[in-house]
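Please read the structure below before turning to the comments.
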There are 2 protein chains.
Amino acid sequence: VTGASGFIGSRACGGLAELGYEVHAVGRRPSGKDLSHWHCADLLEDDRRRRLVAEVAPSHLLHLAWYAEPGAFWTAPENTEWVAATIRLAQEFAAAGGRRAVFAGTCAEYDWSVAGRCSEADTPLRPATLYGVCKDATRRVVERVGVDAAWGRVFFLYGPGEDPRRLVASVARSLVAGEQAATSHGRQLRDFLHVDDVADAFVRLVDSDVTGAVNVGSGEGVPILRVVELLAEAAGRPDLLDVGALPARPDDPDELVADVGRLRDELGWRPTRDLAEGLAETVAWWRERSGSE
Amino acid sequence: VTGASGFIGSRACGGLAELGYEVHAVGRRPSGKDLSHWHCADLLEDDRRRRLVAEVAPSHLLHLAWYAEPGAFWTAPENTEWVAATIRLAQEFAAAGGRRAVFAGTCAEYDWSVAGRCSEADTPLRPATLYGVCKDATRRVVERVGVDAAWGRVFFLYGPGEDPRRLVASVARSLVAGEQAATSHGRQLRDFLHVDDVADAFVRLVDSDVTGAVNVGSGEGVPILRVVELLAEAAGRPDLLDVGALPARPDDPDELVADVGRLRDELGWRPTRDLAEGLAETVAWWRERSGSE
């Protein structure tokens, strides 16, 4: 598992271990967690990555690492570094006898100008951002390196431990701190999935033989306004919401929702939590954290 | 110029020098040619490539190097190595202050099941081969690295010095040697351009400000049968042609011809030779060579 200290990765390691996998977790920094096989490595360093893959010789690969700095990741040149590193990782994995690989893709691979409900088979791929272009180009190549591979396209996610520069975490933290939370009009429909569910879907993908692109989402379009209202209800502070205070981005699509047919029918997977429950849990996490700060 | 000892590259170096460029040529092996700036480097070696780009700090880049072993290149895993190396080269070029880059693409990026006359704007990109997938994915990324870039999609080419495992060279060599030349039915329409013209089109692209994908072809569809007949006429041995002796490949498209609107109208470029003349020159080259063997 690469990106093992990340928002999804830290949870996926546990899920794979529960299924009986001997999990080798890779992160750039030493882990504080109790993981028996932790490898401290920067996968952009070719020699280090090559040695690590040869040494571990994994049967399965869950590649979640990428450049993901909130805000910056959409346009950062580091994305192109990750195209090269991911392709090489896939080849090195195949050369080391790897059987099955799962990669993290993104809903930003789709053409957002026509998006709506995005289907792997039908929605055109026309990424508008460098991030989306790089993920899309990477998929085109790694699908051809000769290992059984799936590509999970992540939609929107949230949950305890999220970077506070991202939407749900930022609003939850403000509400818990008793500060105003400014949002846009919030009418855009988005597909939000709890990070535990996202991680679980990836774990099940690793453990399956489903190949190709698979949307990882809830399948339900919810207005962003509803998401922040649920957070405010959970925090007991609807008075702090300042809806419409921020401008909507001009290129923000009205609707961006996953068609989850493949996830549901081929993988037999469904989310375990509903949105209100997951958001309440997230608010509780921020409250606990603010108490201990 | 990368791939400078190659079929196109060796000619492009001369053309750029004639336009007044200080040409730094890169090849894997020492050159026998009289080039003032020859750099012996394997661009797949990251350290070597990085150092070279930093040292030369080129204003322009013409990147022709790729894995091109006749027959093998369609499916060779080396293609994915070149995706990674090309993306990194493009970034390193941008970081070193590079202003304009031109890359060699391929007509194999197009969807050959609907190909016909291929237009950069309208023909779908759906490469069937690993080679085409890798070129296509590379273009998607290098167009976004922040330098002015054009992507020349090469169709079919021929000329003196071509690898004898390729169609025109193979037939010309057989005819000159007095051996039978077996071909398929030959009814497939293809777009053939003399390698001097291909190299010249790339030189003009480097020296222009045209960006994006540009087909590099003649714009004329000629049956392969006509090509081999012209070779046989030039060799004076029409009796040696064994048309229909080889099966046509089942996935071979009926027509694969470049729409050369961009090349002609935006670049103002036209081929300098007609096909009969270029093929006769090729036969003469093989005759001279067979005499000296």
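Naming works like this for the structure tokens: A, B, ... for the chains as they're shown, residue 1 at the start of each chain, ligands 1 onward in shown order.
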Using only C-alpha atoms, find each residue of chain B with at least one atom at most 8 Å away from an atom of chain A; report its shortest atom-to-atom pair and that distance in Å (one decimal), sort the rows by chain and rising residue number, and return the result as JSON lines.
{"residue": "B:Pro77", "atom": "CA", "partner": "A:Val145", "partner_atom": "CA", "distance": 7.2}
{"residue": "B:Thr80", "atom": "CA", "partner": "A:Ile87", "partner_atom": "CA", "distance": 6.9}
{"residue": "B:Glu81", "atom": "CA", "partner": "A:Arg88", "partner_atom": "CA", "distance": 7.1}
{"residue": "B:Val83", "atom": "CA", "partner": "A:Ala84", "partner_atom": "CA", "distance": 7.1}
{"residue": "B:Ala84", "atom": "CA", "partner": "A:Ala84", "partner_atom": "CA", "distance": 4.1}
{"residue": "B:Ala85", "atom": "CA", "partner": "A:Ala84", "partner_atom": "CA", "distance": 7.3}
{"residue": "B:Ile87", "atom": "CA", "partner": "A:Thr80", "partner_atom": "CA", "distance": 6.9}
{"residue": "B:Arg88", "atom": "CA", "partner": "A:Glu81", "partner_atom": "CA", "distance": 7.1}
{"residue": "B:Leu130", "atom": "CA", "partner": "A:Arg144", "partner_atom": "CA", "distance": 6.8}
{"residue": "B:Val133", "atom": "CA", "partner": "A:Val141", "partner_atom": "CA", "distance": 6.5}
{"residue": "B:Cys134", "atom": "CA", "partner": "A:Val141", "partner_atom": "CA", "distance": 6.1}
{"residue": "B:Ala137", "atom": "CA", "partner": "A:Ala137", "partner_atom": "CA", "distance": 4.6}
{"residue": "B:Thr138", "atom": "CA", "partner": "A:Ala137", "partner_atom": "CA", "distance": 7.2}
{"residue": "B:Arg140", "atom": "CA", "partner": "A:Ala137", "partner_atom": "CA", "distance": 6.5}
{"residue": "B:Val141", "atom": "CA", "partner": "A:Cys134", "partner_atom": "CA", "distance": 6.1}
{"residue": "B:Arg144", "atom": "CA", "partner": "A:Leu130", "partner_atom": "CA", "distance": 6.7}
{"residue": "B:Val145", "atom": "CA", "partner": "A:Pro77", "partner_atom": "CA", "distance": 7.2}
Legend entry - Gly105 (chain A) environment, 7 Å, only C-alpha atoms, sequence neighbours closer than 6 positions dropped, as an MDAnalysis selection string: chainID A and resid 135 151:154
Legend entry - Residues flagged strand (DSSP E or B) by DSSP in region 46-245 of chain B, as a PyMOL selection string: chain B and resi 60-63+100-106+110+116-118+125+148-154+156-158+181-183+189-190+192-194+212-216+222-223+241-243
Legend entry - Within 12 Å of region 177-188 of chain B using only C-alpha atoms, minus same-chain residues under 3 positions, as a VMD selection string: chain B and resid 116 167 to 174 191 221 to 229 231 to 232 235 to 257 283 286 to 291 293
Those selected residues, please, written with N, CA and C atoms and delivered as a compact mmCIF listing (two decimals), in the first residue's frame.
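And here's part-v7.txt as it stands now:
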# COMPACT_ATOMS: atom_id res chain seq x y z
N GLY B 116 -9.74 6.24 -41.86
CA GLY B 116 -9.91 6.94 -43.13
C GLY B 116 -8.94 8.09 -43.24
N LEU B 167 8.78 -1.93 -44.67
CA LEU B 167 8.19 -2.28 -45.97
C LEU B 167 8.98 -1.81 -47.20
N VAL B 168 9.10 -0.52 -47.38
CA VAL B 168 9.70 0.00 -48.62
C VAL B 168 11.13 -0.47 -48.75
N ALA B 169 11.90 -0.39 -47.66
CA ALA B 169 13.31 -0.80 -47.72
C ALA B 169 13.44 -2.29 -48.03
N SER B 170 12.57 -3.07 -47.42
CA SER B 170 12.62 -4.52 -47.63
C SER B 170 12.33 -4.88 -49.09
N VAL B 171 11.30 -4.27 -49.67
CA VAL B 171 10.95 -4.56 -51.07
C VAL B 171 12.05 -4.04 -52.00
N ALA B 172 12.51 -2.82 -51.75
CA ALA B 172 13.55 -2.24 -52.61
C ALA B 172 14.81 -3.11 -52.60
N ARG B 173 15.20 -3.56 -51.42
CA ARG B 173 16.41 -4.37 -51.31
C ARG B 173 16.27 -5.70 -52.05
N SER B 174 15.09 -6.32 -51.90
CA SER B 174 14.85 -7.59 -52.61
C SER B 174 14.94 -7.40 -54.11
N ASP B 191 -0.53 6.77 -46.40
CA ASP B 191 0.03 8.09 -46.68
C ASP B 191 1.54 8.01 -46.49
N GLY B 221 -3.63 9.51 -50.25
CA GLY B 221 -3.74 8.08 -50.00
C GLY B 221 -3.32 7.30 -51.24
N VAL B 222 -2.36 6.43 -51.09
CA VAL B 222 -1.86 5.64 -52.22
C VAL B 222 -1.96 4.17 -51.84
N PRO B 223 -2.49 3.31 -52.73
CA PRO B 223 -2.52 1.89 -52.39
C PRO B 223 -1.09 1.36 -52.22
N ILE B 224 -0.89 0.50 -51.25
CA ILE B 224 0.45 -0.07 -51.04
C ILE B 224 0.93 -0.76 -52.31
N LEU B 225 -0.02 -1.35 -53.05
CA LEU B 225 0.32 -1.99 -54.31
C LEU B 225 1.00 -1.01 -55.27
N ARG B 226 0.51 0.22 -55.31
CA ARG B 226 1.09 1.23 -56.20
C ARG B 226 2.53 1.56 -55.76
N VAL B 227 2.75 1.58 -54.44
CA VAL B 227 4.09 1.85 -53.91
C VAL B 227 5.07 0.77 -54.39
N VAL B 228 4.67 -0.49 -54.24
CA VAL B 228 5.60 -1.56 -54.63
C VAL B 228 5.75 -1.62 -56.15
N GLU B 229 4.69 -1.27 -56.89
CA GLU B 229 4.82 -1.22 -58.36
C GLU B 229 5.81 -0.14 -58.78
N LEU B 231 8.29 0.93 -57.03
CA LEU B 231 9.63 0.41 -56.70
C LEU B 231 10.09 -0.56 -57.79
N ALA B 232 9.17 -1.44 -58.22
CA ALA B 232 9.53 -2.44 -59.23
C ALA B 232 9.86 -1.79 -60.57
N ALA B 235 13.23 -0.28 -60.32
CA ALA B 235 14.27 -1.32 -60.32
C ALA B 235 14.32 -2.07 -61.66
N GLY B 236 13.29 -1.82 -62.51
CA GLY B 236 13.23 -2.53 -63.79
C GLY B 236 12.92 -4.01 -63.63
N ARG B 237 12.30 -4.39 -62.52
CA ARG B 237 12.01 -5.80 -62.28
C ARG B 237 10.58 -6.06 -61.81
N PRO B 238 9.56 -5.59 -62.58
CA PRO B 238 8.18 -5.86 -62.18
C PRO B 238 7.89 -7.36 -62.05
N ASP B 239 8.68 -8.19 -62.72
CA ASP B 239 8.49 -9.65 -62.67
C ASP B 239 8.72 -10.23 -61.27
N LEU B 240 9.46 -9.51 -60.43
CA LEU B 240 9.80 -10.05 -59.11
C LEU B 240 8.72 -9.85 -58.04
N LEU B 241 7.71 -9.04 -58.38
CA LEU B 241 6.66 -8.79 -57.38
C LEU B 241 5.76 -10.00 -57.24
N ASP B 242 5.51 -10.39 -55.99
CA ASP B 242 4.61 -11.51 -55.74
C ASP B 242 3.44 -10.99 -54.90
N VAL B 243 2.55 -10.27 -55.60
CA VAL B 243 1.43 -9.61 -54.92
C VAL B 243 0.42 -10.63 -54.43
N GLY B 244 0.01 -10.49 -53.17
CA GLY B 244 -0.98 -11.41 -52.61
C GLY B 244 -0.35 -12.62 -51.93
N ALA B 245 0.97 -12.71 -51.97
CA ALA B 245 1.64 -13.88 -51.36
C ALA B 245 1.59 -13.83 -49.84
N LEU B 246 1.51 -12.61 -49.30
CA LEU B 246 1.41 -12.48 -47.84
C LEU B 246 -0.03 -12.16 -47.47
N PRO B 247 -0.50 -12.68 -46.33
CA PRO B 247 -1.86 -12.32 -45.89
C PRO B 247 -1.87 -10.87 -45.39
N ALA B 248 -2.99 -10.17 -45.61
CA ALA B 248 -3.14 -8.84 -45.01
C ALA B 248 -3.44 -9.06 -43.52
N ARG B 249 -2.97 -8.15 -42.66
CA ARG B 249 -3.30 -8.28 -41.23
C ARG B 249 -4.78 -8.02 -41.04
N PRO B 250 -5.41 -8.83 -40.20
CA PRO B 250 -6.87 -8.71 -40.07
C PRO B 250 -7.31 -7.34 -39.54
N ASP B 251 -6.45 -6.71 -38.73
CA ASP B 251 -6.84 -5.42 -38.15
C ASP B 251 -6.30 -4.25 -38.95
N ASP B 252 -5.80 -4.51 -40.14
CA ASP B 252 -5.23 -3.46 -40.97
C ASP B 252 -6.33 -2.61 -41.56
N PRO B 253 -6.36 -1.30 -41.30
CA PRO B 253 -7.44 -0.48 -41.85
C PRO B 253 -7.32 -0.31 -43.36
N ASP B 254 -8.45 -0.13 -44.01
CA ASP B 254 -8.46 0.05 -45.46
C ASP B 254 -7.78 1.35 -45.87
N GLU B 255 -7.97 2.37 -45.02
CA GLU B 255 -7.45 3.68 -45.39
C GLU B 255 -6.88 4.38 -44.16
N LEU B 256 -5.70 4.93 -44.30
CA LEU B 256 -5.04 5.62 -43.20
C LEU B 256 -4.24 6.75 -43.83
N VAL B 257 -4.87 7.90 -43.90
CA VAL B 257 -4.30 9.03 -44.65
C VAL B 257 -4.39 10.28 -43.79
N VAL B 283 15.38 3.25 -54.50
CA VAL B 283 15.89 2.08 -55.22
C VAL B 283 17.34 2.32 -55.64
N TRP B 286 19.67 1.76 -52.75
CA TRP B 286 19.89 0.34 -52.45
C TRP B 286 20.79 -0.31 -53.51
N ARG B 287 20.66 0.15 -54.75
CA ARG B 287 21.48 -0.42 -55.83
C ARG B 287 22.95 -0.08 -55.58
N GLU B 288 23.17 1.19 -55.25
CA GLU B 288 24.53 1.66 -54.97
C GLU B 288 25.13 0.89 -53.79
N ARG B 289 24.31 0.71 -52.78
CA ARG B 289 24.75 0.02 -51.57
C ARG B 289 25.06 -1.46 -51.86
N SER B 290 24.20 -2.07 -52.70
CA SER B 290 24.42 -3.49 -52.99
C SER B 290 25.71 -3.65 -53.78
N GLY B 291 26.04 -2.65 -54.62
CA GLY B 291 27.29 -2.69 -55.36
C GLY B 291 28.49 -2.63 -54.44
N GLU B 293 28.57 -3.63 -51.33
CA GLU B 293 28.57 -4.62 -50.24
C GLU B 293 29.56 -5.75 -50.48
Inset, instruction - Using only C-alpha atoms, determine which residues lie at most 8 Å from region 266-280 of chain B, disregarding the query and same-chain residues fewer than 3 positions distant; provide the list as a list in words. - result: Tyr158, Gly159, Phe192, Leu193, His194, Asp197, Ala201, Arg204, Leu205, Ser208, Val210, Ser218, Val227, Leu230, Leu231, Ala234, Ala235, Gly261, Arg262, Leu263, Val283 and Ala284 of chain B
Can you write just those residues out, N, CA, C and O atoms, as a PDB file, in the first residue's frame?
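Here's the written file out31.pdb:
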ATOM      1  N   TYR B 158       9.518   6.654 -45.784  1.00  0.00           N
ATOM      2  CA  TYR B 158      10.435   5.791 -46.531  1.00  0.00           C
ATOM      3  C   TYR B 158      11.598   6.663 -46.967  1.00  0.00           C
ATOM      4  O   TYR B 158      11.533   7.904 -46.880  1.00  0.00           O
ATOM      5  N   GLY B 159      12.617   6.025 -47.485  1.00  0.00           N
ATOM      6  CA  GLY B 159      13.738   6.789 -48.027  1.00  0.00           C
ATOM      7  C   GLY B 159      15.043   6.036 -47.845  1.00  0.00           C
ATOM      8  O   GLY B 159      15.084   4.981 -47.202  1.00  0.00           O
ATOM      9  N   PHE B 192       2.276   7.990 -47.592  1.00  0.00           N
ATOM     10  CA  PHE B 192       3.730   7.871 -47.535  1.00  0.00           C
ATOM     11  C   PHE B 192       4.407   9.212 -47.779  1.00  0.00           C
ATOM     12  O   PHE B 192       4.018   9.951 -48.698  1.00  0.00           O
ATOM     13  N   LEU B 193       5.412   9.489 -46.969  1.00  0.00           N
ATOM     14  CA  LEU B 193       6.157  10.740 -47.130  1.00  0.00           C
ATOM     15  C   LEU B 193       7.649  10.406 -47.055  1.00  0.00           C
ATOM     16  O   LEU B 193       8.078   9.619 -46.204  1.00  0.00           O
ATOM     17  N   HIS B 194       8.417  10.996 -47.953  1.00  0.00           N
ATOM     18  CA  HIS B 194       9.870  10.790 -47.959  1.00  0.00           C
ATOM     19  C   HIS B 194      10.452  11.308 -46.650  1.00  0.00           C
ATOM     20  O   HIS B 194      10.060  12.359 -46.158  1.00  0.00           O
ATOM     21  N   ASP B 197      11.377  14.857 -46.322  1.00  0.00           N
ATOM     22  CA  ASP B 197      10.224  15.743 -46.116  1.00  0.00           C
ATOM     23  C   ASP B 197       9.709  15.658 -44.680  1.00  0.00           C
ATOM     24  O   ASP B 197       9.343  16.678 -44.098  1.00  0.00           O
ATOM     25  N   ALA B 201       9.553  18.841 -42.302  1.00  0.00           N
ATOM     26  CA  ALA B 201       8.327  19.282 -41.626  1.00  0.00           C
ATOM     27  C   ALA B 201       8.584  19.475 -40.128  1.00  0.00           C
ATOM     28  O   ALA B 201       8.124  20.458 -39.528  1.00  0.00           O
ATOM     29  N   ARG B 204      10.556  22.677 -39.614  1.00  0.00           N
ATOM     30  CA  ARG B 204       9.682  23.864 -39.747  1.00  0.00           C
ATOM     31  C   ARG B 204       8.776  23.999 -38.533  1.00  0.00           C
ATOM     32  O   ARG B 204       8.463  25.120 -38.112  1.00  0.00           O
ATOM     33  N   LEU B 205       8.339  22.883 -37.998  1.00  0.00           N
ATOM     34  CA  LEU B 205       7.514  22.937 -36.779  1.00  0.00           C
ATOM     35  C   LEU B 205       8.303  23.551 -35.620  1.00  0.00           C
ATOM     36  O   LEU B 205       7.796  24.396 -34.882  1.00  0.00           O
ATOM     37  N   SER B 208       8.460  27.257 -35.904  1.00  0.00           N
ATOM     38  CA  SER B 208       7.171  27.956 -36.004  1.00  0.00           C
ATOM     39  C   SER B 208       6.610  28.191 -34.602  1.00  0.00           C
ATOM     40  O   SER B 208       7.237  27.866 -33.606  1.00  0.00           O
ATOM     41  N   VAL B 210       3.307  27.106 -34.186  1.00  0.00           N
ATOM     42  CA  VAL B 210       2.131  26.234 -34.240  1.00  0.00           C
ATOM     43  C   VAL B 210       2.162  25.287 -33.033  1.00  0.00           C
ATOM     44  O   VAL B 210       3.198  24.716 -32.734  1.00  0.00           O
ATOM     45  N   SER B 218       1.654  13.297 -46.428  1.00  0.00           N
ATOM     46  CA  SER B 218       1.565  13.922 -47.753  1.00  0.00           C
ATOM     47  C   SER B 218       0.153  14.415 -48.027  1.00  0.00           C
ATOM     48  O   SER B 218      -0.066  15.257 -48.890  1.00  0.00           O
ATOM     49  N   VAL B 227       2.748   1.578 -54.441  1.00  0.00           N
ATOM     50  CA  VAL B 227       4.092   1.847 -53.914  1.00  0.00           C
ATOM     51  C   VAL B 227       5.067   0.771 -54.386  1.00  0.00           C
ATOM     52  O   VAL B 227       6.154   1.071 -54.895  1.00  0.00           O
ATOM     53  N   LEU B 230       5.740   1.013 -58.124  1.00  0.00           N
ATOM     54  CA  LEU B 230       6.684   2.095 -58.443  1.00  0.00           C
ATOM     55  C   LEU B 230       8.116   1.670 -58.138  1.00  0.00           C
ATOM     56  O   LEU B 230       9.046   1.984 -58.895  1.00  0.00           O
ATOM     57  N   LEU B 231       8.288   0.933 -57.029  1.00  0.00           N
ATOM     58  CA  LEU B 231       9.629   0.410 -56.701  1.00  0.00           C
ATOM     59  C   LEU B 231      10.093  -0.559 -57.791  1.00  0.00           C
ATOM     60  O   LEU B 231      11.248  -0.511 -58.244  1.00  0.00           O
ATOM     61  N   ALA B 234      11.063   1.269 -60.931  1.00  0.00           N
ATOM     62  CA  ALA B 234      12.362   1.933 -60.776  1.00  0.00           C
ATOM     63  C   ALA B 234      13.501   0.917 -60.840  1.00  0.00           C
ATOM     64  O   ALA B 234      14.587   1.208 -61.344  1.00  0.00           O
ATOM     65  N   ALA B 235      13.232  -0.276 -60.323  1.00  0.00           N
ATOM     66  CA  ALA B 235      14.267  -1.319 -60.323  1.00  0.00           C
ATOM     67  C   ALA B 235      14.319  -2.071 -61.657  1.00  0.00           C
ATOM     68  O   ALA B 235      15.234  -2.856 -61.896  1.00  0.00           O
ATOM     69  N   GLY B 261      -4.330  19.652 -43.420  1.00  0.00           N
ATOM     70  CA  GLY B 261      -4.768  21.052 -43.371  1.00  0.00           C
ATOM     71  C   GLY B 261      -3.887  21.923 -42.481  1.00  0.00           C
ATOM     72  O   GLY B 261      -3.490  23.023 -42.876  1.00  0.00           O
ATOM     73  N   ARG B 262      -3.551  21.436 -41.290  1.00  0.00           N
ATOM     74  CA  ARG B 262      -2.743  22.253 -40.375  1.00  0.00           C
ATOM     75  C   ARG B 262      -1.340  22.466 -40.932  1.00  0.00           C
ATOM     76  O   ARG B 262      -0.797  23.566 -40.891  1.00  0.00           O
ATOM     77  N   LEU B 263      -0.759  21.382 -41.437  1.00  0.00           N
ATOM     78  CA  LEU B 263       0.608  21.428 -41.966  1.00  0.00           C
ATOM     79  C   LEU B 263       0.677  22.427 -43.137  1.00  0.00           C
ATOM     80  O   LEU B 263       1.606  23.221 -43.237  1.00  0.00           O
ATOM     81  N   VAL B 283      15.380   3.245 -54.497  1.00  0.00           N
ATOM     82  CA  VAL B 283      15.890   2.077 -55.224  1.00  0.00           C
ATOM     83  C   VAL B 283      17.341   2.323 -55.643  1.00  0.00           C
ATOM     84  O   VAL B 283      18.201   1.437 -55.501  1.00  0.00           O
ATOM     85  N   ALA B 284      17.618   3.537 -56.128  1.00  0.00           N
ATOM     86  CA  ALA B 284      18.994   3.863 -56.551  1.00  0.00           C
ATOM     87  C   ALA B 284      19.962   3.732 -55.370  1.00  0.00           C
ATOM     88  O   ALA B 284      21.081   3.235 -55.507  1.00  0.00           O
TER      89      ALA B 284
END
Inset, instruction - Quick one: everything within 8 Å of Asp200 (chain A), counting only C-alpha atoms, minus sequence neighbours fewer than 2 positions away in the same chain. Send it as a PyMOL selection string. - result: chain A and resi 11-12+15+196-198+202-204
If we count only C-alpha atoms, what is near Ala65 (chain A) at a cut-off of 8 Å, once residues fewer than 6 positions away on the same chain are taken out, given as a short mmCIF file (atom, residue, chain, number, x, y, z; two decimals) with C-alpha atoms, in the first residue's frame?
data_model
loop_
_atom_site.label_atom_id
_atom_site.label_comp_id
_atom_site.auth_asym_id
_atom_site.auth_seq_id
_atom_site.Cartn_x
_atom_site.Cartn_y
_atom_site.Cartn_z
CA THR A 2 1.50 3.31 -1.10
CA GLY A 3 0.33 6.57 0.43
CA ALA A 4 -0.16 4.47 3.54
CA GLY A 6 -2.69 9.27 3.90
#
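You can rank B:Gly9, B:Leu89, B:Pro164, B:Pro58 by their closest distance to Leu44 (chain B) using only C-alpha atoms, and at the top of that list sits B:Leu89.
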